[in-house]
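Listing of entry.txt; format and content: compact mmCIF, C-alpha atoms.
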```txt
# COMPACT_ATOMS: atom_id res chain seq x y z
CA MET E 178 -65.14 -26.49 8.77
CA SER E 179 -62.83 -29.48 8.66
CA ALA E 180 -63.76 -31.12 11.93
CA GLY E 181 -63.27 -34.85 11.72
CA ARG E 182 -62.19 -34.68 8.13
CA VAL E 183 -58.88 -35.96 6.87
CA ILE E 184 -57.02 -34.33 4.02
CA ALA E 185 -55.36 -36.83 1.70
CA ILE E 186 -52.38 -35.20 0.03
CA VAL E 187 -51.41 -36.93 -3.19
CA PRO E 188 -48.40 -35.51 -5.03
CA ALA E 189 -48.42 -36.48 -8.69
CA TYR E 190 -46.18 -35.85 -11.63
CA ASN E 191 -47.36 -37.25 -14.96
CA GLU E 192 -49.51 -39.91 -13.34
CA ALA E 193 -52.61 -39.58 -15.52
CA GLY E 194 -52.70 -43.37 -15.84
CA ALA E 195 -52.71 -44.12 -12.11
CA ILE E 196 -54.12 -41.06 -10.37
CA GLY E 197 -57.80 -41.82 -11.07
CA GLY E 198 -57.57 -45.21 -9.38
CA VAL E 199 -55.78 -43.74 -6.36
CA VAL E 200 -58.41 -41.00 -5.92
CA ASP E 201 -61.27 -43.50 -6.31
CA ALA E 202 -59.72 -45.90 -3.80
CA ILE E 203 -59.41 -43.13 -1.19
CA HIS E 204 -62.98 -41.96 -1.76
CA ALA E 205 -64.16 -45.55 -1.46
CA LEU E 206 -62.83 -45.85 2.11
CA ASP E 207 -65.35 -44.14 4.38
CA GLY E 208 -66.10 -40.71 3.01
CA SER E 209 -64.07 -38.82 5.61
CA PHE E 210 -61.25 -37.99 3.21
CA ASP E 211 -60.86 -34.79 1.21
CA VAL E 212 -58.49 -35.72 -1.58
CA VAL E 213 -56.09 -33.00 -2.72
CA VAL E 214 -53.90 -33.90 -5.67
CA VAL E 215 -50.85 -31.70 -6.02
CA ASP E 216 -50.03 -31.68 -9.70
CA ASP E 217 -46.33 -30.88 -9.95
CA ALA E 218 -46.56 -29.19 -13.36
CA SER E 219 -47.38 -32.42 -15.17
CA THR E 220 -47.30 -32.38 -18.95
CA ASP E 221 -50.03 -34.99 -19.23
CA ALA E 222 -53.69 -34.99 -18.16
CA THR E 223 -53.00 -35.70 -14.46
CA ALA E 224 -54.91 -32.64 -13.24
CA ALA E 225 -57.92 -33.21 -15.48
CA VAL E 226 -58.15 -36.89 -14.58
CA ALA E 227 -57.85 -36.17 -10.86
CA ARG E 228 -60.54 -33.49 -11.08
CA ALA E 229 -62.81 -35.81 -13.08
CA HIS E 230 -62.51 -38.35 -10.26
CA GLY E 231 -63.61 -35.77 -7.73
CA ALA E 232 -60.31 -34.64 -6.23
CA GLU E 233 -59.37 -31.08 -5.48
CA VAL E 234 -56.35 -30.23 -7.61
CA LEU E 235 -53.54 -27.85 -6.76
CA ARG E 236 -51.63 -27.15 -9.94
CA LEU E 237 -48.08 -25.95 -9.53
CA PRO E 238 -46.96 -23.63 -12.33
CA ILE E 239 -43.44 -25.05 -12.32
CA ASN E 240 -42.05 -28.41 -11.34
CA LEU E 241 -40.88 -28.15 -7.73
CA GLY E 242 -39.97 -31.76 -7.20
CA ILE E 243 -41.62 -34.07 -4.69
CA GLY E 244 -40.73 -32.04 -1.60
CA GLY E 245 -42.11 -28.76 -2.87
CA ALA E 246 -45.23 -30.51 -4.14
CA VAL E 247 -45.93 -32.30 -0.87
CA GLN E 248 -45.34 -29.11 1.10
CA THR E 249 -48.00 -27.38 -1.01
CA GLY E 250 -50.41 -29.99 0.28
CA PHE E 251 -49.35 -29.41 3.90
CA ARG E 252 -49.84 -25.68 3.47
CA ALA E 253 -53.33 -26.33 2.10
CA ALA E 254 -53.99 -28.62 5.07
CA LEU E 255 -52.86 -25.97 7.54
CA ALA E 256 -54.86 -23.21 5.85
CA GLY E 257 -57.90 -25.49 5.66
CA GLY E 258 -57.80 -26.17 9.39
CA TYR E 259 -57.40 -29.95 9.10
CA GLU E 260 -56.50 -31.88 12.24
CA ARG E 261 -55.31 -34.92 10.30
CA ALA E 262 -53.52 -35.42 7.03
CA VAL E 263 -52.37 -38.44 5.13
CA ARG E 264 -49.84 -38.36 2.37
CA LEU E 265 -49.51 -40.99 -0.31
CA ASP E 266 -47.95 -41.16 -3.74
CA GLY E 267 -49.98 -40.67 -6.90
CA ASP E 268 -48.43 -43.62 -8.70
CA GLY E 269 -50.48 -46.24 -6.89
CA GLN E 270 -47.67 -47.89 -4.92
CA HIS E 271 -49.29 -46.88 -1.62
CA ASP E 272 -52.49 -48.82 -1.09
CA PRO E 273 -55.23 -46.48 0.24
CA ALA E 274 -56.76 -49.48 2.03
CA GLU E 275 -53.92 -49.12 4.56
CA LEU E 276 -54.89 -45.56 5.46
CA PRO E 277 -57.25 -46.39 8.36
CA ARG E 278 -54.43 -48.37 10.02
CA LEU E 279 -52.04 -45.46 9.52
CA LEU E 280 -54.50 -43.12 11.22
CA GLN E 281 -55.08 -45.32 14.28
CA PRO E 282 -52.03 -44.18 16.30
CA LEU E 283 -53.07 -40.56 15.70
CA GLU E 284 -56.59 -41.21 16.92
CA ARG E 285 -55.21 -42.79 20.10
CA ASP E 286 -52.85 -39.80 20.37
CA GLU E 287 -49.85 -42.10 20.45
CA ALA E 288 -48.05 -40.40 17.62
CA ASP E 289 -47.69 -37.12 15.75
CA VAL E 290 -46.43 -38.81 12.61
CA VAL E 291 -47.19 -42.34 11.47
CA THR E 292 -45.08 -43.81 8.71
CA GLY E 293 -46.04 -46.84 6.70
CA SER E 294 -42.93 -48.95 6.85
CA ARG E 295 -42.10 -51.76 4.49
CA PHE E 296 -39.71 -53.31 6.98
CA VAL E 297 -40.99 -52.89 10.50
CA ASP E 298 -42.01 -56.54 10.62
CA GLY E 299 -39.22 -57.83 8.46
CA ASP E 300 -41.75 -60.03 6.76
CA GLY E 301 -39.99 -59.65 3.44
CA HIS E 302 -43.01 -58.90 1.30
CA TYR E 303 -41.35 -55.89 -0.20
CA ARG E 304 -38.38 -56.75 -2.38
CA PRO E 305 -36.98 -53.61 -3.93
CA PRO E 306 -34.00 -53.76 -6.30
CA LEU E 307 -30.68 -54.35 -4.56
CA ALA E 308 -29.35 -50.80 -4.87
CA ARG E 309 -32.53 -49.43 -3.43
CA ARG E 310 -32.59 -51.95 -0.61
CA ILE E 311 -29.03 -51.02 0.35
CA GLY E 312 -29.99 -47.36 0.35
CA ILE E 313 -33.09 -47.88 2.48
CA THR E 314 -31.15 -49.98 5.01
CA TRP E 315 -28.29 -47.48 5.09
CA PHE E 316 -30.57 -44.56 5.86
CA ALA E 317 -32.58 -46.49 8.41
CA ARG E 318 -29.38 -47.39 10.31
CA LEU E 319 -27.94 -43.91 9.95
CA VAL E 320 -31.09 -42.09 11.08
CA SER E 321 -31.56 -44.56 13.93
CA ALA E 322 -27.99 -43.93 15.05
CA VAL E 323 -27.95 -40.14 14.89
CA THR E 324 -31.40 -39.68 16.41
CA ARG E 325 -31.08 -42.61 18.86
CA THR E 326 -34.51 -43.80 17.77
CA ARG E 327 -35.26 -47.06 16.04
CA VAL E 328 -36.48 -46.36 12.53
CA THR E 329 -36.82 -49.04 9.89
CA ASP E 330 -37.96 -47.16 6.83
CA THR E 331 -36.92 -43.55 6.41
CA THR E 332 -37.67 -43.37 2.70
CA SER E 333 -41.37 -44.15 2.85
CA GLY E 334 -43.64 -41.39 1.64
CA PHE E 335 -46.71 -43.10 3.05
CA GLN E 336 -47.62 -41.11 6.17
CA ALA E 337 -50.35 -39.86 8.45
CA LEU E 338 -49.85 -36.65 10.44
CA ASN E 339 -51.63 -34.67 13.12
CA ARG E 340 -51.95 -30.91 13.34
CA ARG E 341 -48.55 -30.37 14.99
CA ALA E 342 -46.76 -32.28 12.26
CA ILE E 343 -48.80 -30.57 9.54
CA ALA E 344 -47.77 -27.18 10.94
CA LEU E 345 -44.11 -28.21 11.01
CA PHE E 346 -44.10 -29.51 7.45
CA ALA E 347 -46.10 -26.57 6.13
CA GLU E 348 -43.32 -24.33 7.34
CA ASP E 349 -40.26 -26.47 6.69
CA TYR E 350 -40.07 -29.40 4.34
CA PRO E 351 -36.98 -30.61 2.47
CA ALA E 352 -36.83 -30.39 -1.29
CA ASP E 353 -35.44 -33.16 -3.44
CA TYR E 354 -35.66 -36.60 -1.85
CA PRO E 355 -37.39 -35.34 1.25
CA GLU E 356 -38.41 -38.38 3.28
CA VAL E 357 -35.10 -39.07 5.02
CA GLU E 358 -34.56 -35.44 5.98
CA ALA E 359 -38.19 -35.11 7.02
CA THR E 360 -37.75 -38.06 9.38
CA VAL E 361 -34.79 -36.32 11.01
CA LEU E 362 -36.77 -33.10 11.22
CA VAL E 363 -39.65 -34.87 12.95
CA LEU E 364 -37.35 -36.45 15.53
CA ARG E 365 -35.39 -33.24 16.14
CA HIS E 366 -38.64 -31.48 16.93
CA ARG E 367 -39.42 -34.26 19.40
CA LEU E 368 -42.56 -35.22 17.57
CA ARG E 369 -43.61 -38.80 18.20
CA LEU E 370 -42.93 -41.04 15.23
CA VAL E 371 -44.58 -44.43 14.98
CA GLU E 372 -44.07 -46.94 12.20
CA VAL E 373 -46.85 -49.21 11.03
CA PRO E 374 -46.16 -52.15 8.74
CA VAL E 375 -47.64 -51.76 5.28
CA ARG E 376 -47.38 -53.59 2.04
CA MET E 377 -46.40 -51.61 -0.99
CA ARG E 378 -47.63 -52.51 -4.40
CA GLU E 379 -45.66 -52.54 -7.59
CA ARG E 380 -45.87 -49.29 -9.47
CA GLU E 381 -48.88 -49.30 -11.75
CA HIS E 382 -47.56 -46.92 -14.35
CA GLY E 383 -44.37 -45.08 -15.13
CA SER E 384 -41.02 -45.77 -13.57
CA SER E 385 -39.54 -44.88 -10.22
CA SER E 386 -37.81 -41.55 -10.14
CA ILE E 387 -34.81 -43.28 -8.57
CA THR E 388 -32.96 -45.32 -11.20
CA PHE E 389 -30.02 -47.58 -10.51
CA VAL E 390 -27.48 -45.14 -11.90
CA ARG E 391 -28.76 -42.34 -9.71
CA SER E 392 -28.77 -44.42 -6.55
CA ILE E 393 -25.18 -43.59 -5.65
CA TYR E 394 -25.74 -39.90 -6.20
CA TYR E 395 -28.93 -40.16 -4.21
CA MET E 396 -27.23 -41.80 -1.27
CA LEU E 397 -24.42 -39.26 -1.17
CA LYS E 398 -26.75 -36.32 -1.48
CA VAL E 399 -29.20 -37.52 1.11
CA THR E 400 -26.44 -38.51 3.53
CA LEU E 401 -25.10 -34.98 3.32
CA ALA E 402 -28.62 -33.57 3.65
CA LEU E 403 -29.15 -35.75 6.71
CA PHE E 404 -26.18 -34.29 8.53
CA VAL E 405 -27.22 -30.82 7.45
CA ALA E 406 -30.68 -31.51 8.85
CA MET E 407 -29.09 -32.55 12.14
CA ALA E 408 -26.85 -29.50 12.37
CA ARG E 409 -29.10 -26.86 10.88
CA LYS E 410 -30.46 -24.09 13.02
CA LEU E 411 -34.18 -24.32 13.57
CA THR E 412 -36.12 -21.29 12.41
CA PRO E 413 -37.17 -18.93 15.22
CA SER E 414 -40.80 -20.01 15.29
CA GLN E 415 -39.67 -23.64 15.52
CA GLN E 416 -37.60 -22.90 18.59
CA ALA E 417 -40.68 -21.82 20.47
CA PRO E 418 -41.60 -24.43 23.08
CA ALA E 419 -43.88 -27.08 21.70
CA PRO E 420 -47.44 -26.98 23.05
CA MET X 219 10.61 -7.57 -7.32
CA THR X 220 7.52 -7.71 -9.47
CA PRO X 221 8.29 -7.14 -13.16
CA LEU X 222 7.00 -3.72 -14.20
CA ARG X 223 5.09 -5.10 -17.19
CA ILE X 224 3.10 -7.44 -14.96
CA SER X 225 2.18 -4.54 -12.68
CA ILE X 226 1.02 -2.49 -15.66
CA ALA X 227 -0.99 -5.34 -17.21
CA ALA X 228 -2.63 -6.25 -13.90
CA SER X 229 -3.46 -2.61 -13.16
CA VAL X 230 -5.06 -2.22 -16.58
CA ALA X 231 -7.07 -5.41 -16.08
CA SER X 232 -8.25 -4.24 -12.66
CA VAL X 233 -9.28 -0.84 -14.00
CA LEU X 234 -11.15 -2.57 -16.84
CA LEU X 235 -12.97 -4.77 -14.35
CA ILE X 236 -14.03 -1.75 -12.30
CA LEU X 237 -15.15 0.14 -15.40
CA VAL X 238 -17.16 -2.79 -16.73
CA VAL X 239 -18.89 -3.24 -13.37
CA LEU X 240 -19.66 0.48 -13.14
CA GLU X 241 -21.03 0.49 -16.67
CA LEU X 242 -23.24 -2.52 -15.90
CA ILE X 243 -24.62 -0.70 -12.86
CA ARG X 244 -25.17 2.45 -14.92
CA GLY X 245 -27.04 0.46 -17.57
CA ARG X 246 -29.17 -1.18 -14.85
CA ARG X 247 -27.95 -4.62 -15.85
CA LEU X 248 -26.37 -5.20 -12.45
CA LYS X 249 -27.86 -4.30 -9.10
CA GLU X 250 -25.63 -2.53 -6.61
CA ARG X 251 -26.09 -5.24 -4.01
CA TYR X 252 -24.51 -7.77 -6.35
CA ALA X 253 -21.95 -5.30 -7.70
CA LEU X 254 -20.39 -4.41 -4.36
CA LEU X 255 -18.29 -7.54 -4.09
CA TRP X 256 -17.05 -7.10 -7.65
CA LEU X 257 -16.05 -3.51 -6.98
CA VAL X 258 -14.17 -4.50 -3.83
CA THR X 259 -12.43 -7.22 -5.84
CA GLY X 260 -11.45 -4.73 -8.53
CA VAL X 261 -10.15 -2.16 -6.05
CA VAL X 262 -8.12 -4.70 -4.06
CA LEU X 263 -6.57 -6.09 -7.23
CA LEU X 264 -5.84 -2.58 -8.48
CA VAL X 265 -4.11 -1.63 -5.24
CA LEU X 266 -2.04 -4.83 -5.23
CA SER X 267 -1.13 -4.33 -8.88
CA ALA X 268 -0.18 -0.66 -8.77
CA TRP X 269 1.41 -0.50 -5.34
CA ARG X 270 4.49 -2.54 -6.18
CA ASP X 271 6.25 -2.13 -2.83
CA GLY X 272 3.12 -3.22 -1.04
CA LEU X 273 2.86 -6.41 -3.10
CA ASN X 274 6.49 -7.21 -2.33
CA THR X 275 5.97 -6.55 1.36
CA ILE X 276 2.91 -8.80 1.55
CA ALA X 277 4.76 -11.49 -0.41
CA GLY X 278 7.54 -11.21 2.18
CA TRP X 279 5.07 -11.66 5.04
CA LEU X 280 3.67 -14.79 3.46
CA GLY X 281 7.11 -16.21 2.69
CA VAL X 282 6.73 -15.85 -1.08
CA SER X 283 10.26 -14.84 -1.96
CA GLY X 284 10.67 -15.91 -5.57
CA TYR X 285 7.68 -14.46 -7.39
CA PRO X 286 5.61 -11.73 -5.73
CA PRO X 287 2.92 -11.63 -8.48
CA ALA X 288 1.75 -14.99 -7.14
CA ILE X 289 0.09 -12.89 -4.43
CA LEU X 290 -2.02 -11.28 -7.16
CA PHE X 291 -3.28 -14.68 -8.26
CA ALA X 292 -3.93 -15.71 -4.69
CA ALA X 293 -5.89 -12.53 -3.96
CA ALA X 294 -7.89 -12.82 -7.18
CA THR X 295 -8.71 -16.46 -6.44
CA LEU X 296 -9.76 -15.66 -2.89
CA PHE X 297 -12.12 -12.93 -4.02
CA LEU X 298 -13.59 -15.09 -6.78
CA ILE X 299 -14.35 -17.77 -4.20
CA VAL X 300 -16.06 -15.19 -1.98
CA VAL X 301 -18.12 -13.89 -4.91
CA LEU X 302 -19.14 -17.42 -5.93
CA LEU X 303 -20.10 -18.37 -2.39
CA HIS X 304 -22.15 -15.23 -2.17
CA TYR X 305 -23.91 -16.19 -5.38
CA SER X 306 -24.61 -19.67 -4.04
CA THR X 307 -26.37 -18.16 -1.04
CA VAL X 308 -28.32 -15.83 -3.30
CA LEU X 309 -29.26 -18.79 -5.51
CA SER X 310 -30.48 -20.75 -2.49
CA ARG X 311 -32.60 -17.85 -1.33
CA LEU X 312 -34.06 -17.38 -4.81
CA ASP X 313 -34.83 -21.09 -4.95
CA ASP X 314 -36.73 -20.89 -1.64
CA GLU X 315 -38.61 -17.84 -2.83
CA LYS X 316 -39.45 -19.51 -6.14
CA THR X 317 -40.88 -22.50 -4.29
CA LEU X 318 -42.94 -20.25 -2.05
CA LEU X 319 -44.31 -18.30 -5.01
CA ALA X 320 -45.18 -21.42 -6.97
CA GLN X 321 -46.98 -22.88 -3.95
CA ASP X 322 -48.86 -19.64 -3.33
CA LEU X 323 -49.87 -19.58 -6.98
CA ALA X 324 -51.19 -23.14 -6.81
CA LEU X 325 -53.17 -22.39 -3.64
CA LEU X 326 -54.53 -19.11 -5.01
CA ARG X 327 -55.45 -20.73 -8.33
CA ARG X 328 -57.67 -23.15 -6.48
CA ARG X 329 -59.15 -20.33 -4.45
CA VAL X 330 -59.96 -18.38 -7.63
CA ASP X 331 -61.54 -21.48 -9.16
CA ASP X 332 -63.64 -22.00 -6.04
CA LEU X 333 -64.77 -18.38 -6.02
CA GLU X 334 -65.62 -18.40 -9.70
CA ARG X 335 -67.67 -21.54 -9.26
CA ALA X 336 -69.45 -20.04 -6.28
CA GLY X 337 -70.36 -16.93 -8.26
CA PRO X 338 -69.67 -13.24 -7.67
CA ALA X 339 -71.66 -13.12 -4.42
CA ALA X 340 -69.05 -15.29 -2.71
CA ALA X 341 -66.13 -13.17 -3.85
CA VAL X 342 -65.38 -11.74 -0.44
CA PRO X 343 -61.76 -10.72 -0.07
CA THR X 344 -59.83 -13.01 2.25
CA GLU X 345 -56.22 -13.34 3.18
CA PRO X 346 -54.01 -15.51 1.00
CA PRO X 347 -52.92 -18.80 2.58
CA ALA X 348 -50.53 -17.95 5.38
CA ARG X 349 -47.15 -19.49 5.92
CA ALA X 350 -45.50 -18.84 9.23
CA ASP X 351 -42.10 -17.60 8.16
```

Take the structure in the file and give it back as structure tokens.
Amino acid sequence: MSAGRVIAIVPAYNEAGAIGGVVDAIHALDGSFDVVVVDDASTDATAAVARAHGAEVLRLPINLGIGGAVQTGFRAALAGGYERAVRLDGDGQHDPAELPRLLQPLERDEADVVTGSRFVDGDGHYRPPLARRIGITWFARLVSAVTRTRVTDTTSGFQALNRRAIALFAEDYPADYPEVEATVLVLRHRLRLVEVPVRMREREHGSSSITFVRSIYYMLKVTLALFVAMARKLTPSQQAPAP
Amino acid sequence: MTPLRISIAASVASVLLILVVLELIRGRRLKERYALLWLVTGVVLLVLSAWRDGLNTIAGWLGVSGYPPAILFAAATLFLIVVLLHYSTVLSRLDDEKTLLAQDLALLRRRVDDLERAGPAAAVPTEPPARAD
């Protein structure tokens, strides 16, 4: 029922101002995308706006945070039988026009997960605030070192995934600031990760959930989570040999 | 030697702890699975409090020569740590289960909406979205 179709998972929390534009931009691409907005218990009209723009909406009854919201989308993708999924934020910082390029490595079967990286070219278009840049660099170096794989952007939530990666994330996805841990998870499961350079736009509405003051806490927490992700036992079904 | 008054006070406190836990179980405000650790704590503290020679002997083993009741504090602290760790694991499990339930609810909500839109003819029972776990 989903042959050839791509599910676009868009987590959104109080993004009524931006979500309509994101949904429209995805639909405008080539008509092969089924847009699923995961409304993480927003208190504004996010769900209604998304629905009015033609997206399917999964409304969480309680706020699960970005990880729990995104995982809801992966579970919907798995249940819906999708072979491909893309994941992009509901705030408009990920430009849907980049999606076809993200999907290319999957179509050539060169990757299981494709991440849109802001740094893979080092072209310097993306200039995040200093604290954030330090954090992104720190995690890229750390993940590259512990997984012995070159990764330039572990905090990007702009991704395309094939069925194997969808199945993994539907079963096991980290909770709070999930991207770094998810990268480790992907590499531990020996899935092929490819980075594609993308430009990220400024946020259209709202403010980033990572403020300067919380950056230090964020780095400590995620660093701990990263080592936990490295050391953690895989669940029994994950230990089964990969197809 | 442990002062007698300390032994009496600690014994009374331990008995009170055990009684309170038992009463909470009786009133169904505490499930047995979470009460077990508290009961073990209460019994161990009661034994250490009432059995004065035993406390002195253990203090001797551990090289605590000046003030044997310190062993009471150490034992109480140890058991509190175990209880708290146990609670942290319970909390983590509850958190996972909460996430799973919320996600199921979101997926089922959509399914109900779809079925209602499609009309009663389409309301064929199907399995809820599976999660390999």

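When all atoms listed in the file are used to measure the gap to E:Ile343, the shortest distance among E:Gly269, E:Gly312, E:Pro374, E:Gly250 belongs to E:Gly250.
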
Stretch 256-270 of chain X environment, 10 Å, all atoms listed in the file, sequence neighbours closer than 6 positions dropped, as a ChimeraX atom specification: /X:219-222,224-240,250,276,286-287,289-291,293-298,300-301

Atoms kept (C-alpha atoms) for selection, written as a short mmCIF file (atom, residue, chain, number, x, y, z; two decimals), in the frame of the given file:
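Listed below is the output, again_36.cif:
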```
data_model
loop_
_atom_site.label_atom_id
_atom_site.label_comp_id
_atom_site.auth_asym_id
_atom_site.auth_seq_id
_atom_site.Cartn_x
_atom_site.Cartn_y
_atom_site.Cartn_z
CA MET X 219 10.61 -7.57 -7.32
CA THR X 220 7.52 -7.71 -9.47
CA PRO X 221 8.29 -7.14 -13.16
CA LEU X 222 7.00 -3.72 -14.20
CA ILE X 224 3.10 -7.44 -14.96
CA SER X 225 2.18 -4.54 -12.68
CA ILE X 226 1.02 -2.49 -15.66
CA ALA X 227 -0.99 -5.34 -17.21
CA ALA X 228 -2.63 -6.25 -13.90
CA SER X 229 -3.46 -2.61 -13.16
CA VAL X 230 -5.06 -2.22 -16.58
CA ALA X 231 -7.07 -5.41 -16.08
CA SER X 232 -8.25 -4.24 -12.66
CA VAL X 233 -9.28 -0.84 -14.00
CA LEU X 234 -11.15 -2.57 -16.84
CA LEU X 235 -12.97 -4.77 -14.35
CA ILE X 236 -14.03 -1.75 -12.30
CA LEU X 237 -15.15 0.14 -15.40
CA VAL X 238 -17.16 -2.79 -16.73
CA VAL X 239 -18.89 -3.24 -13.37
CA LEU X 240 -19.66 0.48 -13.14
CA GLU X 250 -25.63 -2.53 -6.61
CA ILE X 276 2.91 -8.80 1.55
CA PRO X 286 5.61 -11.73 -5.73
CA PRO X 287 2.92 -11.63 -8.48
CA ILE X 289 0.09 -12.89 -4.43
CA LEU X 290 -2.02 -11.28 -7.16
CA PHE X 291 -3.28 -14.68 -8.26
CA ALA X 293 -5.89 -12.53 -3.96
CA ALA X 294 -7.89 -12.82 -7.18
CA THR X 295 -8.71 -16.46 -6.44
CA LEU X 296 -9.76 -15.66 -2.89
CA PHE X 297 -12.12 -12.93 -4.02
CA LEU X 298 -13.59 -15.09 -6.78
CA VAL X 300 -16.06 -15.19 -1.98
CA VAL X 301 -18.12 -13.89 -4.91
#
```

Hey, can you check how far atom CA of E:Ala222 sits from atom CA of E:Phe346?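 The value is 27.9 Å.
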
If you take only C-alpha atoms and a cut-off of 10 Å, which residues of chain E touch chain X, and what are their nearest atom pairs and distances in Å to one decimal, in chain and number order, as a tab-separated table?
```
residue	atom	partner	partner_atom	distance
E:Val215	CA	X:Ala324	CA	8.6
E:Asp216	CA	X:Ala324	CA	9.1
E:Asp217	CA	X:Ala324	CA	9.7
E:Glu233	CA	X:Arg328	CA	8.2
E:Val234	CA	X:Arg328	CA	7.3
E:Leu235	CA	X:Ala324	CA	5.3
E:Arg236	CA	X:Ala324	CA	5.1
E:Leu237	CA	X:Ala324	CA	5.0
E:Pro238	CA	X:Ala320	CA	6.1
E:Ile239	CA	X:Ala320	CA	6.7
E:Asn240	CA	X:Ala320	CA	8.8
E:Leu241	CA	X:Thr317	CA	6.6
E:Gly242	CA	X:Thr317	CA	9.7
E:Gly244	CA	X:Thr317	CA	9.9
E:Gly245	CA	X:Thr317	CA	6.5
E:Ala246	CA	X:Gln321	CA	7.8
E:Val247	CA	X:Gln321	CA	10.0
E:Gln248	CA	X:Gln321	CA	8.2
E:Thr249	CA	X:Gln321	CA	5.5
E:Gly250	CA	X:Gln321	CA	9.0
E:Arg252	CA	X:Arg349	CA	7.2
E:Ala253	CA	X:Leu325	CA	7.0
E:Leu255	CA	X:Ala348	CA	8.6
E:Ala256	CA	X:Pro347	CA	5.8
E:Gly257	CA	X:Pro347	CA	8.9
E:Ala344	CA	X:Ala350	CA	8.8
E:Leu345	CA	X:Ala350	CA	9.6
E:Ala347	CA	X:Arg349	CA	7.2
E:Glu348	CA	X:Ala350	CA	6.2
E:Asp349	CA	X:Asp351	CA	9.2
E:Ala352	CA	X:Thr317	CA	9.4
E:Thr412	CA	X:Asp351	CA	8.2
E:Pro413	CA	X:Asp351	CA	8.7
E:Ser414	CA	X:Asp351	CA	7.6
E:Gln415	CA	X:Asp351	CA	9.8
```

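Our summary of the geometry notes that atom CA of E:Arg309 is positioned 12.3 Å from atom CA of E:Thr331.
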
Using atom CA of E:Glu372 and atom CA of E:Ala232 as the two end points, give the distance in Å to one decimal.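 Interatomic distance, atom CA of E:Glu372 to atom CA of E:Ala232: 27.5 Å.
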
May I have a table of the residues of stretch 234-340 of chain E lying at most 6 Å from stretch 193-209 of chain E, giving each one's closest pair of atoms and their distance in Å to one decimal, counting only C-alpha atoms, ordered by chain and ascending residue number, as JSON lines?
```
{"residue": "E:Gly267", "atom": "CA", "partner": "E:Ile196", "partner_atom": "CA", "distance": 5.4}
{"residue": "E:Asp268", "atom": "CA", "partner": "E:Ala195", "partner_atom": "CA", "distance": 5.5}
{"residue": "E:Gly269", "atom": "CA", "partner": "E:Val199", "partner_atom": "CA", "distance": 5.9}
{"residue": "E:Pro273", "atom": "CA", "partner": "E:Ile203", "partner_atom": "CA", "distance": 5.5}
```

Out of E:Val291, E:Ala406, E:Ala322, E:Leu265, which residue has the shortest atom-to-atom distance to E:Leu370 when counting all atoms listed in the file?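 Checking each of E:Val291, E:Ala406, E:Ala322, E:Leu265 against E:Leu370, counting all atoms listed in the file, the winner is E:Val291.
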